[in-house]
$ cat start18.cif   # mmCIF, C-alpha atoms
data_entry
loop_
_atom_site.label_atom_id
_atom_site.label_comp_id
_atom_site.auth_asym_id
_atom_site.auth_seq_id
_atom_site.Cartn_x
_atom_site.Cartn_y
_atom_site.Cartn_z
CA MET A 21 -36.51 -19.20 67.42
CA GLY A 22 -34.99 -19.24 70.87
CA GLN A 23 -31.39 -19.59 71.91
CA ASP A 24 -31.93 -23.31 72.70
CA ASP A 25 -33.37 -23.98 69.20
CA PHE A 26 -30.49 -22.09 67.61
CA LEU A 27 -27.90 -24.12 69.57
CA GLU A 28 -29.75 -27.36 68.81
CA ASN A 29 -29.74 -26.58 65.06
CA ARG A 30 -26.02 -25.74 65.19
CA ARG A 31 -25.32 -28.96 67.11
CA ARG A 32 -27.22 -31.00 64.51
CA SER A 33 -25.43 -29.21 61.67
CA LEU A 34 -22.10 -29.86 63.31
CA GLU A 35 -22.94 -33.54 63.86
CA GLU A 36 -24.20 -33.92 60.30
CA GLU A 37 -21.04 -32.31 58.93
CA PHE A 38 -18.87 -34.46 61.18
CA PHE A 39 -20.64 -37.68 60.19
CA HIS A 40 -20.70 -36.66 56.53
CA THR A 41 -16.97 -35.94 56.62
CA GLU A 42 -16.30 -39.16 58.53
CA SER A 43 -18.46 -41.15 56.09
CA GLN A 44 -16.58 -39.60 53.19
CA ARG A 45 -13.27 -40.59 54.79
CA GLN A 46 -14.50 -44.12 55.35
CA LEU A 47 -15.73 -44.33 51.75
CA GLU A 48 -12.39 -43.08 50.43
CA LYS A 49 -10.55 -45.56 52.66
CA LEU A 50 -12.77 -48.38 51.41
CA GLN A 51 -12.20 -47.35 47.78
CA ALA A 52 -8.43 -47.18 48.34
CA THR A 53 -8.46 -50.63 49.94
CA HIS A 54 -10.48 -52.00 47.03
CA LYS A 55 -8.09 -50.43 44.52
CA LEU A 56 -5.11 -51.90 46.41
CA GLU A 57 -6.68 -55.37 46.38
CA LEU A 58 -7.41 -55.12 42.64
CA SER A 59 -3.84 -53.97 42.00
CA LYS A 60 -2.44 -56.78 44.14
CA ALA A 61 -4.59 -59.31 42.31
CA ALA A 62 -3.40 -57.97 38.95
CA LEU A 63 0.24 -58.14 40.07
CA GLU A 64 -0.24 -61.66 41.38
CA LYS A 65 -1.80 -62.80 38.12
CA ALA A 66 0.85 -61.13 35.97
CA SER A 67 3.84 -62.31 37.98
CA GLY A 68 2.81 -65.57 39.58
CA ILE A 69 3.98 -64.13 42.90
CA THR A 70 1.74 -65.21 45.77
CA ASN A 71 3.71 -63.69 48.64
CA GLN A 72 1.49 -60.82 49.83
CA ALA A 73 4.39 -58.88 51.39
CA ILE A 74 6.23 -58.83 48.06
CA LEU A 75 3.09 -57.80 46.19
CA GLU A 76 2.51 -54.94 48.63
CA LYS A 77 6.13 -53.84 48.37
CA LEU A 78 5.92 -53.88 44.55
CA LEU A 79 2.84 -51.67 44.78
CA GLU A 80 4.63 -49.32 47.17
CA LEU A 81 7.45 -49.10 44.61
CA ASP A 82 4.83 -48.28 41.95
CA VAL A 83 5.62 -51.39 39.90
CA HIS A 84 2.65 -52.10 37.64
CA ALA A 85 1.27 -55.44 36.46
CA GLU A 86 2.46 -54.77 32.90
CA THR A 87 6.02 -54.18 34.11
CA VAL A 88 6.05 -57.26 36.28
CA ALA A 89 4.64 -59.39 33.45
CA ALA A 90 7.53 -58.34 31.22
CA LEU A 91 10.03 -58.89 34.05
CA ALA A 92 8.73 -62.42 34.55
CA LEU A 93 9.09 -63.25 30.84
CA VAL A 94 12.68 -62.10 30.30
CA PRO A 95 14.23 -65.10 32.12
CA LEU A 96 12.09 -67.48 30.08
CA ILE A 97 13.18 -65.89 26.82
CA HIS A 98 16.88 -65.91 27.64
CA VAL A 99 16.81 -69.53 28.77
CA VAL A 100 15.14 -70.78 25.60
CA TRP A 101 17.61 -68.87 23.44
CA ALA A 102 20.66 -69.94 25.51
CA ASP A 103 21.80 -72.51 22.99
CA GLY A 104 21.14 -70.25 20.02
CA HIS A 105 17.97 -71.94 18.80
CA LEU A 106 14.41 -72.46 19.97
CA ASP A 107 12.53 -75.73 19.62
CA ASP A 108 8.78 -76.33 19.60
CA LYS A 109 8.71 -77.73 23.16
CA GLU A 110 10.44 -74.62 24.47
CA ARG A 111 8.12 -72.32 22.51
CA GLU A 112 5.07 -74.14 23.91
CA ALA A 113 6.48 -73.98 27.47
CA VAL A 114 7.06 -70.21 27.21
CA LEU A 115 3.60 -69.54 25.78
CA SER A 116 2.02 -71.75 28.43
CA ALA A 117 3.89 -69.92 31.21
CA ALA A 118 2.87 -66.57 29.72
CA GLN A 119 -0.79 -67.56 29.52
CA SER A 120 -0.75 -68.86 33.09
CA SER A 121 0.58 -65.41 34.05
CA GLY A 122 -2.51 -63.87 32.51
CA LEU A 123 -0.83 -62.67 29.33
CA MET A 124 -3.55 -62.62 26.72
CA LEU A 125 -3.34 -63.03 22.97
CA GLY A 126 -3.61 -59.65 21.27
CA THR A 127 -2.00 -57.62 24.06
CA VAL A 128 1.17 -55.60 23.50
CA GLU A 129 3.05 -57.84 25.94
CA TYR A 130 1.94 -61.01 24.13
CA ASP A 131 2.95 -59.55 20.77
CA LEU A 132 6.35 -58.65 22.20
CA LEU A 133 6.75 -62.18 23.54
CA GLU A 134 5.89 -63.64 20.15
CA ARG A 135 8.54 -61.42 18.51
CA TRP A 136 11.09 -62.61 21.08
CA LEU A 137 10.16 -66.19 20.23
CA LEU A 138 10.75 -65.56 16.53
CA ARG A 139 13.94 -63.57 16.86
CA ARG A 140 16.44 -63.71 19.68
CA PRO A 141 16.37 -60.44 21.64
CA ASP A 142 19.48 -58.34 21.98
CA ARG A 143 21.73 -59.13 24.95
CA ASN A 144 20.99 -55.61 26.26
CA LEU A 145 17.54 -56.84 27.29
CA LEU A 146 19.12 -59.24 29.77
CA ALA A 147 21.45 -56.54 31.08
CA ALA A 148 18.52 -54.16 31.57
CA TRP A 149 16.52 -56.90 33.31
CA GLN A 150 19.42 -57.71 35.62
CA GLY A 151 19.89 -54.05 36.52
CA TYR A 152 16.20 -53.64 37.29
CA ILE A 153 16.07 -56.83 39.38
CA GLU A 154 19.18 -55.78 41.33
CA GLY A 155 17.61 -52.40 42.09
CA LEU A 156 14.30 -53.99 43.02
CA CYS A 157 15.99 -56.53 45.28
CA GLU A 158 17.71 -53.75 47.21
CA GLN A 159 14.22 -52.88 48.47
CA PHE A 160 13.52 -56.42 49.71
CA ASN A 161 14.76 -58.43 52.65
CA GLU A 162 16.50 -61.77 52.08
CA GLU A 163 13.34 -63.84 52.46
CA GLU A 164 11.46 -61.68 49.94
CA ARG A 165 14.37 -61.82 47.45
CA ASP A 166 14.48 -65.61 47.77
CA SER A 167 10.74 -65.87 47.21
CA LEU A 168 10.89 -63.66 44.12
CA LYS A 169 13.87 -65.61 42.78
CA THR A 170 12.10 -68.93 43.40
CA GLN A 171 8.99 -67.77 41.54
CA TRP A 172 10.66 -66.36 38.45
CA MET A 173 13.68 -68.59 38.17
CA GLY A 174 11.56 -71.67 38.88
CA ARG A 175 9.53 -70.91 35.76
CA ALA A 176 12.69 -70.34 33.74
CA ARG A 177 14.13 -73.63 34.98
CA ALA A 178 10.89 -75.45 34.05
CA VAL A 179 11.07 -73.98 30.55
CA ALA A 180 14.73 -75.06 30.27
CA GLU A 181 13.71 -78.58 31.21
CA ALA A 182 10.96 -78.57 28.58
CA SER A 183 13.26 -79.63 25.76
CA GLY A 184 14.83 -82.46 27.82
CA GLY A 185 18.27 -83.97 27.40
CA ILE A 186 19.71 -85.69 24.36
CA LEU A 187 17.26 -88.48 23.46
CA GLY A 188 15.70 -87.97 26.87
CA LEU A 189 18.91 -89.05 28.63
CA GLY A 190 21.11 -87.15 31.03
CA SER A 191 20.45 -83.67 32.34
CA LYS A 192 17.30 -82.00 31.15
CA ILE A 193 19.04 -78.64 31.18
CA SER A 194 21.79 -77.92 28.68
CA LYS A 195 25.11 -76.47 29.77
CA GLN A 196 24.27 -73.15 28.05
CA GLU A 197 20.86 -72.99 29.74
CA ALA A 198 22.43 -73.72 33.14
CA GLN A 199 24.93 -70.88 32.59
CA VAL A 200 22.17 -68.42 31.67
CA LEU A 201 20.13 -69.49 34.72
CA GLU A 202 23.13 -68.96 37.01
CA GLU A 203 23.84 -65.56 35.45
CA MET A 204 20.25 -64.43 35.98
CA GLU A 205 20.09 -65.78 39.53
CA ARG A 206 23.02 -63.57 40.53
CA ALA A 207 20.77 -60.52 39.99
CA PHE A 208 18.76 -61.61 43.04
CA LEU A 209 21.72 -61.45 45.43
CA SER A 210 21.88 -58.50 47.75
CA SER A 211 24.59 -55.94 47.11
#

$ encode --input "start18.cif" --output "structure tokens"
Amino acid sequence: MGQDDFLENRRRSLEEEFFHTESQRQLEKLQATHKLELSKAALEKASGITNQAILEKLLELDVHAETVAALALVPLIHVVWADGHLDDKEREAVLSAAQSSGLMLGTVEYDLLERWLLRRPDRNLLAAWQGYIEGLCEQFNEEERDSLKTQWMGRARAVAEASGGILGLGSKISKQEAQVLEEMERAFLSS
């Protein structure tokens, strides 16, 4: 083997290694992008959030779909228990909202929700939720906070309206429910 053959073999080896390494990088990048898209889709399904910037920020903050599903349910639970009792229309509205969020029967989250629908959760749950939302909102700009608030509080408001007013007259939201909604909405304000 001459010097030219030796250099040619080295050149080919170097190119092969370079392209192999570059292909590996591209494959890893593709896999990471695919994983990100799957994670974003899971977050979107669990939370109802469609704003891609918020979904990406939640992923950056390492907020998982299971966490966001629970976060989205807490306002619903506190609204339906605002007046101290839960009626069938409210129960159906909460379960419907949960199922549209991708919460499936037989999951830990669904079981927890069912327990909250049978027995009013401790007030500490709301305090913990508010603290978490306040911390989360510190990471968002005003537009993102408003979008998140609209998504989650809109569902809670819809559930509050589910039971309607007295004999279908007047406001669809009770005074107690309106107070709970206002209290929860304050968590979305920037500090």

$ closest_residue --input "start18.cif" --among "A:Val83, A:Arg135, A:Glu205, A:Ile74" --to "Gly174 of chain A" --atoms "only C-alpha atoms"
A:Glu205

$ closest_residue --input "start18.cif" --among "A:Asp25, A:Glu112, A:Glu76, A:Asp82" --to "Leu96 of chain A" --atoms "only C-alpha atoms"
A:Glu112

$ closest_residue --input "start18.cif" --among "A:Val179, A:Leu209, A:Leu78, A:Met124" --to "Glu163 of chain A" --atoms "all atoms listed in the file"
A:Leu209

$ atom_distance --input "start18.cif" --atom1 "atom CA of Met173 of chain A" --atom2 "atom CA of His84 of chain A"
19.8 Å

$ atom_distance --input "start18.cif" --atom1 "atom CA of Ala90 of chain A" --atom2 "atom CA of Ser194 of chain A"
24.4 Å

$ atom_distance --input "start18.cif" --atom1 "atom CA of Gln171 of chain A" --atom2 "atom CA of Gly126 of chain A"
25.2 Å

$ closest_residue --input "start18.cif" --among "A:Leu156, A:Pro95, A:Ser167, A:Glu197" --to "Leu81 of chain A" --atoms "all atoms listed in the file"
A:Leu156

$ closest_atom_pairs --input "start18.cif" --of "segment 101-210 of chain A" --to "segment 61-66 of chain A" --cutoff "12 Å" --atoms "all atoms listed in the file" --output "CSV"
residue,atom,partner,partner_atom,distance
A:Ala117,CA,A:Ala66,CA,10.4
A:Ala118,CA,A:Ala66,CA,8.5
A:Gln119,CA,A:Ala66,CA,9.3
A:Ser120,CA,A:Lys65,CA,7.9
A:Ser121,CA,A:Ala66,CA,4.7
A:Gly122,CA,A:Ala66,CA,5.5
A:Leu123,CA,A:Ala66,CA,7.0
A:Met124,CA,A:Ala66,CA,10.4
A:Glu129,CA,A:Ala66,CA,10.8
A:Tyr130,CA,A:Ala66,CA,11.9
A:Leu168,CA,A:Glu64,CA,11.6
A:Gln171,CA,A:Glu64,CA,11.1
A:Trp172,CA,A:Ala66,CA,11.4

$ closest_residue --input "start18.cif" --among "A:Ala85, A:Leu27, A:Ala207, A:Ala73" --to "Gly155 of chain A" --atoms "all atoms listed in the file"
A:Ala207

$ resolve_selection --input "start18.cif" --expression "the PyMOL selection byres ((chain A and resi 146) around 12)" --output "compact mmCIF listing (two decimals) with C-alpha atoms, in the frame of the given file"
# COMPACT_ATOMS: atom_id res chain seq x y z
CA ALA A 90 7.53 -58.34 31.22
CA LEU A 91 10.03 -58.89 34.05
CA ALA A 92 8.73 -62.42 34.55
CA LEU A 93 9.09 -63.25 30.84
CA VAL A 94 12.68 -62.10 30.30
CA PRO A 95 14.23 -65.10 32.12
CA LEU A 96 12.09 -67.48 30.08
CA ILE A 97 13.18 -65.89 26.82
CA HIS A 98 16.88 -65.91 27.64
CA VAL A 99 16.81 -69.53 28.77
CA TRP A 101 17.61 -68.87 23.44
CA ALA A 102 20.66 -69.94 25.51
CA ARG A 140 16.44 -63.71 19.68
CA PRO A 141 16.37 -60.44 21.64
CA ASP A 142 19.48 -58.34 21.98
CA ARG A 143 21.73 -59.13 24.95
CA ASN A 144 20.99 -55.61 26.26
CA LEU A 145 17.54 -56.84 27.29
CA ALA A 147 21.45 -56.54 31.08
CA ALA A 148 18.52 -54.16 31.57
CA TRP A 149 16.52 -56.90 33.31
CA GLN A 150 19.42 -57.71 35.62
CA GLY A 151 19.89 -54.05 36.52
CA TYR A 152 16.20 -53.64 37.29
CA ILE A 153 16.07 -56.83 39.38
CA VAL A 200 22.17 -68.42 31.67
CA LEU A 201 20.13 -69.49 34.72
CA GLU A 203 23.84 -65.56 35.45
CA MET A 204 20.25 -64.43 35.98
CA GLU A 205 20.09 -65.78 39.53
CA ALA A 207 20.77 -60.52 39.99

$ closest_residue --input "start18.cif" --among "A:His105, A:Glu181, A:Ile69, A:Phe26" --to "Asp166 of chain A" --atoms "all atoms listed in the file"
A:Ile69

$ axis_aligned_box --input "start18.cif" --around "segment 99-112 of chain A" --padding-each-side "4 Å" --output "JSON"
{"center_x": 13.4, "center_y": -73.3, "center_z": 23.8, "size_x": 24.7, "size_y": 16.9, "size_z": 18.0}

$ residues_near_point --input "start18.cif" --point "(11.4, -74.4, 22.2)" --cutoff "10 Å" --atoms "all atoms listed in the file" --output "list in words"
Ile97, Val99, Val100, Trp101, His105, Leu106, Asp107, Asp108, Lys109, Glu110, Arg111, Glu112, Ala113, Val114, Leu115, Leu137, Val179, Ala180, Ala182 and Ser183 of chain A
